[in-house]
$ cat my_file25.cif   # mmCIF, C-alpha atoms
data_data
loop_
_atom_site.label_atom_id
_atom_site.label_comp_id
_atom_site.auth_asym_id
_atom_site.auth_seq_id
_atom_site.Cartn_x
_atom_site.Cartn_y
_atom_site.Cartn_z
CA MET X 962 108.82 118.82 112.41
CA ALA X 963 105.69 116.99 113.47
CA ASP X 964 105.47 115.12 116.76
CA PHE X 965 105.17 111.35 116.93
CA SER X 966 102.34 109.46 118.57
CA SER X 967 102.66 105.81 119.53
CA LEU X 968 99.44 103.78 119.63
CA THR X 969 99.30 100.31 121.11
CA LEU X 970 95.88 98.75 120.67
CA GLN X 971 95.31 95.66 122.76
CA LYS X 972 92.42 93.91 124.48
CA ARG X 973 92.96 91.27 127.09
CA GLY X 974 90.48 89.12 128.95
CA ASN X 975 86.97 88.19 127.88
CA SER X 976 84.89 90.86 129.61
CA ASN X 977 85.46 93.55 126.94
CA ASP X 978 85.75 91.41 123.85
CA ILE X 979 84.11 92.49 120.57
CA VAL X 980 81.09 90.22 120.38
CA ASP X 981 78.92 91.46 117.47
CA ASP X 982 78.79 93.69 114.39
CA SER X 983 77.53 96.77 116.25
CA HIS X 984 80.36 96.50 118.78
CA ALA X 985 82.89 96.08 115.97
CA ASP X 986 81.48 99.12 114.13
CA ALA X 987 81.64 101.23 117.29
CA THR X 988 85.23 100.16 117.95
CA LEU X 989 86.20 100.89 114.35
CA GLU X 990 84.67 104.35 114.56
CA THR X 991 86.42 105.10 117.87
CA ILE X 992 89.83 104.17 116.44
CA HIS X 993 89.10 106.12 113.25
CA GLN X 994 88.19 109.31 115.10
CA LEU X 995 91.30 109.03 117.29
CA VAL X 996 93.61 108.60 114.30
CA VAL X 997 91.95 111.42 112.32
CA SER X 998 92.29 113.73 115.33
CA LEU X 999 95.98 112.92 115.70
CA LYS X 1000 96.64 113.40 111.98
CA HIS X 1001 94.91 116.78 111.99
CA GLN X 1002 97.20 117.79 114.86
CA GLY X 1003 100.21 116.94 112.71
CA TYR X 1004 101.29 113.76 114.46
CA HIS X 1005 103.16 110.94 112.76
CA ILE X 1006 101.74 107.70 114.11
CA HIS X 1007 103.50 104.47 115.03
CA LEU X 1008 100.86 101.79 115.51
CA SER X 1009 101.59 98.54 117.31
CA VAL X 1010 99.11 95.72 116.69
CA SER X 1011 100.88 93.04 118.74
CA GLY X 1012 98.99 90.83 121.16
CA GLY X 1013 95.42 91.24 122.28
CA ARG X 1014 92.40 90.50 120.12
CA ARG X 1015 92.81 89.77 116.41
CA LEU X 1016 89.70 91.72 115.44
CA MET X 1017 91.03 94.81 117.20
CA SER X 1018 94.20 94.55 115.10
CA LEU X 1019 92.19 94.13 111.89
CA LEU X 1020 90.07 97.17 112.68
CA ALA X 1021 93.14 99.26 113.49
CA ILE X 1022 94.86 98.23 110.25
CA SER X 1023 91.72 99.16 108.27
CA VAL X 1024 91.77 102.62 109.85
CA ALA X 1025 95.51 102.94 109.18
CA ALA X 1026 95.13 102.07 105.49
CA LEU X 1027 92.45 104.73 105.14
CA ASN X 1028 94.25 107.52 107.02
CA PHE X 1029 98.00 106.89 107.24
CA ASP X 1030 100.58 108.51 104.98
CA ARG X 1031 104.25 107.77 104.33
CA HIS X 1032 105.28 109.16 107.72
CA ASP X 1033 103.19 106.62 109.64
CA HIS X 1034 104.06 103.01 110.40
CA ILE X 1035 102.52 99.77 111.62
CA TRP X 1036 104.71 97.58 113.80
CA HIS X 1037 104.59 94.05 115.14
CA ILE X 1038 106.56 93.39 118.33
CA HIS X 1039 108.20 89.98 118.11
CA THR X 1040 109.01 88.41 121.48
CA PRO X 1041 110.69 84.98 121.64
CA GLU X 1042 108.74 82.32 123.50
CA ALA X 1043 111.47 82.00 126.11
CA THR X 1044 111.21 85.70 126.90
CA VAL X 1045 107.40 85.52 127.02
CA ALA X 1046 107.67 82.78 129.64
CA GLN X 1047 110.10 84.83 131.70
CA VAL X 1048 107.91 87.94 131.85
CA ARG X 1049 104.55 86.16 132.20
CA ASN X 1050 102.24 87.67 134.85
CA GLY X 1051 104.54 90.65 135.28
CA ALA X 1052 107.53 88.66 136.54
CA HIS X 1053 109.80 91.13 134.73
CA MET X 1054 108.81 94.60 133.56
CA HIS X 1055 111.88 95.17 131.39
CA VAL X 1056 114.04 92.86 129.31
CA PRO X 1057 117.64 93.36 128.13
CA PRO X 1058 118.53 93.89 124.44
CA GLU X 1059 119.81 90.33 124.14
CA ALA X 1060 116.30 89.00 124.97
CA GLY X 1061 115.50 89.03 121.24
CA VAL X 1062 112.55 91.43 121.32
CA LYS X 1063 112.39 93.34 118.04
CA LEU X 1064 110.11 95.50 115.94
CA ILE X 1065 109.00 94.23 112.53
CA ARG X 1066 107.54 96.81 110.15
CA GLY X 1067 104.22 95.79 108.62
CA PRO X 1068 103.62 96.74 104.96
CA PHE X 1069 100.29 98.33 104.05
CA ILE X 1070 98.72 100.58 101.41
CA THR X 1071 98.43 104.21 102.54
CA LEU X 1072 95.40 105.79 100.90
CA GLY X 1073 95.73 108.75 103.26
CA ALA X 1074 98.85 109.77 101.37
CA TYR X 1075 96.71 110.60 98.34
CA ILE X 1076 93.37 111.67 99.77
CA PRO X 1077 93.11 114.17 102.66
CA ASN X 1078 91.63 113.07 105.98
CA SER X 1079 88.13 114.36 106.70
CA ASN X 1080 86.12 114.75 109.89
CA THR X 1081 83.58 112.18 108.78
CA SER X 1082 82.75 108.69 109.96
CA PHE X 1083 84.91 105.78 108.83
CA LYS X 1084 82.24 104.44 106.47
CA THR X 1085 81.71 107.87 104.90
CA ALA X 1086 85.44 108.47 104.52
CA GLU X 1087 85.87 105.00 103.05
CA GLN X 1088 83.12 105.62 100.50
CA GLU X 1089 84.52 109.05 99.63
CA GLN X 1090 87.95 107.57 98.96
CA GLN X 1091 86.49 104.71 96.93
CA ASP X 1092 84.47 107.17 94.85
CA HIS X 1093 87.59 109.26 94.32
CA LEU X 1094 89.64 106.25 93.21
CA ASN X 1095 86.83 105.02 90.97
CA GLN X 1096 86.64 108.41 89.30
CA GLN X 1097 90.40 108.38 88.71
CA GLU X 1098 90.12 104.97 87.07
CA ARG X 1099 87.18 106.09 84.91
CA THR X 1100 89.18 109.12 83.80
CA ARG X 1101 92.08 106.89 82.75
CA CYS X 1102 89.73 104.52 80.94
CA GLN X 1103 88.14 107.43 79.11
CA GLN X 1104 91.58 108.58 77.95
CA ILE X 1105 92.15 105.15 76.41
CA ILE X 1106 88.76 105.29 74.70
CA GLU X 1107 89.70 108.63 73.14
CA LEU X 1108 93.04 107.28 71.90
CA ALA X 1109 91.66 104.04 70.45
CA THR X 1110 90.49 103.60 66.87
CA ALA X 1111 87.00 102.29 66.21
CA ARG X 1112 88.26 98.76 65.61
CA GLN X 1113 90.56 98.86 68.65
CA LEU X 1114 87.54 99.89 70.67
CA ASP X 1115 85.62 96.85 69.41
CA VAL X 1116 88.52 94.63 70.51
CA LEU X 1117 88.72 96.38 73.88
CA LYS X 1118 85.02 95.86 74.54
CA ALA X 1119 85.36 92.18 73.70
CA PHE X 1120 88.30 91.74 76.08
CA ALA X 1121 86.36 93.67 78.74
CA ARG X 1122 83.64 91.01 78.54
CA GLY X 1123 86.20 88.35 79.36
CA LEU X 1124 86.73 86.97 75.85
CA ARG X 1125 90.11 85.57 74.83
CA THR X 1126 91.97 86.21 71.61
CA PRO X 1127 90.44 83.36 69.54
CA GLN X 1128 86.95 84.30 70.73
CA VAL X 1129 87.52 87.98 69.92
CA ALA X 1130 88.77 87.07 66.46
CA SER X 1131 85.75 84.84 65.81
CA GLU X 1132 83.23 87.39 67.06
CA LEU X 1133 84.71 90.30 65.10
CA CYS X 1134 85.49 88.19 62.01
CA ILE X 1135 89.16 89.16 61.99
CA SER X 1136 92.35 87.12 62.29
CA GLU X 1137 94.01 86.42 65.61
CA ALA X 1138 97.07 88.30 64.34
CA THR X 1139 94.91 91.39 63.87
CA VAL X 1140 93.51 91.00 67.39
CA HIS X 1141 97.07 90.79 68.75
CA SER X 1142 97.98 93.94 66.81
CA HIS X 1143 95.03 95.91 68.20
CA LYS X 1144 95.72 94.55 71.68
CA GLY X 1145 99.36 95.65 71.43
CA HIS X 1146 98.33 99.22 70.68
CA LEU X 1147 95.79 99.20 73.53
CA ILE X 1148 98.36 97.84 75.98
CA GLN X 1149 100.84 100.52 74.97
CA HIS X 1150 98.23 103.23 75.54
CA CYS X 1151 97.54 101.71 78.98
CA ARG X 1152 101.22 101.75 79.87
CA THR X 1153 101.31 105.46 79.13
CA ILE X 1154 98.10 106.39 80.93
CA TRP X 1155 98.72 104.19 84.00
CA ASN X 1156 102.48 104.89 83.95
CA ILE X 1157 103.37 101.18 83.86
CA PRO X 1158 106.99 100.34 82.93
CA GLU X 1159 107.82 98.13 79.96
CA SER X 1160 109.40 95.61 82.33
CA GLU X 1161 106.00 94.81 83.85
CA PRO X 1162 104.06 92.28 81.75
CA LEU X 1163 100.54 93.22 80.65
CA ASP X 1164 98.03 91.13 78.74
CA TYR X 1165 94.30 90.90 78.04
CA HIS X 1166 93.66 90.24 81.76
CA PHE X 1167 94.61 93.86 82.46
CA LEU X 1168 92.16 95.11 79.82
CA CYS X 1169 89.38 92.95 81.27
CA GLN X 1170 90.09 94.06 84.83
CA LYS X 1171 90.22 97.77 84.06
CA PHE X 1172 87.40 98.06 81.54
CA SER X 1173 84.78 95.49 82.55
CA THR X 1174 83.25 97.80 85.14
CA TYR X 1175 83.68 100.85 82.90
CA PHE X 1176 81.60 99.43 80.07
CA GLU X 1177 79.09 97.80 82.44
CA SER X 1178 78.31 101.19 84.00
CA ASP X 1179 77.66 102.65 80.55
CA ARG X 1180 75.04 100.05 79.63
#
$ encode --input "my_file25.cif" --output "structure tokens"
Amino acid sequence: MADFSSLTLQKRGNSNDIVDDSHADATLETIHQLVVSLKHQGYHIHLSVSGGRRLMSLLAISVAALNFDRHDHIWHIHTPEATVAQVRNGAHMHVPPEAGVKLIRGPFITLGAYIPNSNTSFKTAEQEQQDHLNQQERTRCQQIIELATARQLDVLKAFARGLRTPQVASELCISEATVHSHKGHLIQHCRTIWNIPESEPLDYHFLCQKFSTYFESDR
């Protein structure tokens, strides 16, 4: 079983604040390298982003989204105002359970669960993951293209340009009912390829979102 590592990232005072883009980039890279090193050692990470500087928290969450998997967690420590007043300036180092201090789990997307960590810079790793995800989406889009009939493909391209059903019908000189029929087949193909349940509504917005970039890159 892997060990656990607890990271609490805070900055207090003004002397070491992040003051410009280069400082933010350097801080981001430092956190990234630390997290990658811990993950390669097999640690499961519990990250606390409570208190301190907001930008530090944002940078840490960006690193977490890129590198964390299902074993890792982000936490916010909630402390009631009354308890904060009692412990201000180190008046108390420990508080009892009834003080109301509690951990709240923060939801986030874990790309690291699907793409292995690499010993590269944050920006390089980010681009590698984006390229990987883009390629997955292009592969899915290509599967739809191969399943579609010629006329369904015409309808798909029209929706990908942002047209709505009446506009598609007018441009292709077909009835709106025919457009709806072609759209229904395309949506069903998408449900299969993207593994989307029937209970989740899909419409032409999905086709536009998924295929606008695909067809633009082919022009």
$ axis_aligned_box --input "my_file25.cif" --around "region 988-1006 of chain X" --padding-each-side "5 Å" --output "AutoDock Vina command-line options"
--center_x 93.9 --center_y 109.0 --center_z 115.0 --size_x 28.5 --size_y 27.6 --size_z 16.0
$ resolve_selection --input "my_file25.cif" --expression "the PyMOL selection byres ((chain X and resi 994) around 12)" --output "mmCIF file with C-alpha atoms, keeping the file's coordinate frame"
data_model
loop_
_atom_site.group_PDB
_atom_site.id
_atom_site.type_symbol
_atom_site.label_atom_id
_atom_site.label_comp_id
_atom_site.auth_asym_id
_atom_site.auth_seq_id
_atom_site.Cartn_x
_atom_site.Cartn_y
_atom_site.Cartn_z
ATOM 1 C CA ALA X 987 81.640 101.230 117.290
ATOM 2 C CA THR X 988 85.230 100.160 117.950
ATOM 3 C CA LEU X 989 86.200 100.890 114.350
ATOM 4 C CA GLU X 990 84.670 104.350 114.560
ATOM 5 C CA THR X 991 86.420 105.100 117.870
ATOM 6 C CA ILE X 992 89.830 104.170 116.440
ATOM 7 C CA HIS X 993 89.100 106.120 113.250
ATOM 8 C CA LEU X 995 91.300 109.030 117.290
ATOM 9 C CA VAL X 996 93.610 108.600 114.300
ATOM 10 C CA VAL X 997 91.950 111.420 112.320
ATOM 11 C CA SER X 998 92.290 113.730 115.330
ATOM 12 C CA LEU X 999 95.980 112.920 115.700
ATOM 13 C CA LYS X 1000 96.640 113.400 111.980
ATOM 14 C CA HIS X 1001 94.910 116.780 111.990
ATOM 15 C CA ALA X 1021 93.140 99.260 113.490
ATOM 16 C CA VAL X 1024 91.770 102.620 109.850
ATOM 17 C CA ALA X 1025 95.510 102.940 109.180
ATOM 18 C CA LEU X 1027 92.450 104.730 105.140
ATOM 19 C CA ASN X 1028 94.250 107.520 107.020
ATOM 20 C CA ASN X 1078 91.630 113.070 105.980
ATOM 21 C CA SER X 1079 88.130 114.360 106.700
ATOM 22 C CA ASN X 1080 86.120 114.750 109.890
ATOM 23 C CA THR X 1081 83.580 112.180 108.780
ATOM 24 C CA SER X 1082 82.750 108.690 109.960
ATOM 25 C CA PHE X 1083 84.910 105.780 108.830
ATOM 26 C CA LYS X 1084 82.240 104.440 106.470
ATOM 27 C CA ALA X 1086 85.440 108.470 104.520
#
$ atom_distance --input "my_file25.cif" --atom1 "CA of Gln1088 (chain X)" --atom2 "CA of Leu1019 (chain X)"
18.5 Å
$ atom_distance --input "my_file25.cif" --atom1 "CA of Ala1138 (chain X)" --atom2 "CA of Lys1118 (chain X)"
17.5 Å
$ residues_around --input "my_file25.cif" --residues "Leu1114 (chain X)" --least-positions-apart "3" --cutoff "12 Å" --atoms "only C-alpha atoms" --output "ChimeraX atom specification"
/X:1102-1103,1105-1111,1117-1121,1129,1133,1140,1143-1144,1146-1147,1168,1172,1176
$ closest_residue --input "my_file25.cif" --among "X:Ser1136, X:Ser1011, X:Gln1128, X:Ser1160" --to "Arg1066 (chain X)" --atoms "all atoms listed in the file"
X:Ser1011
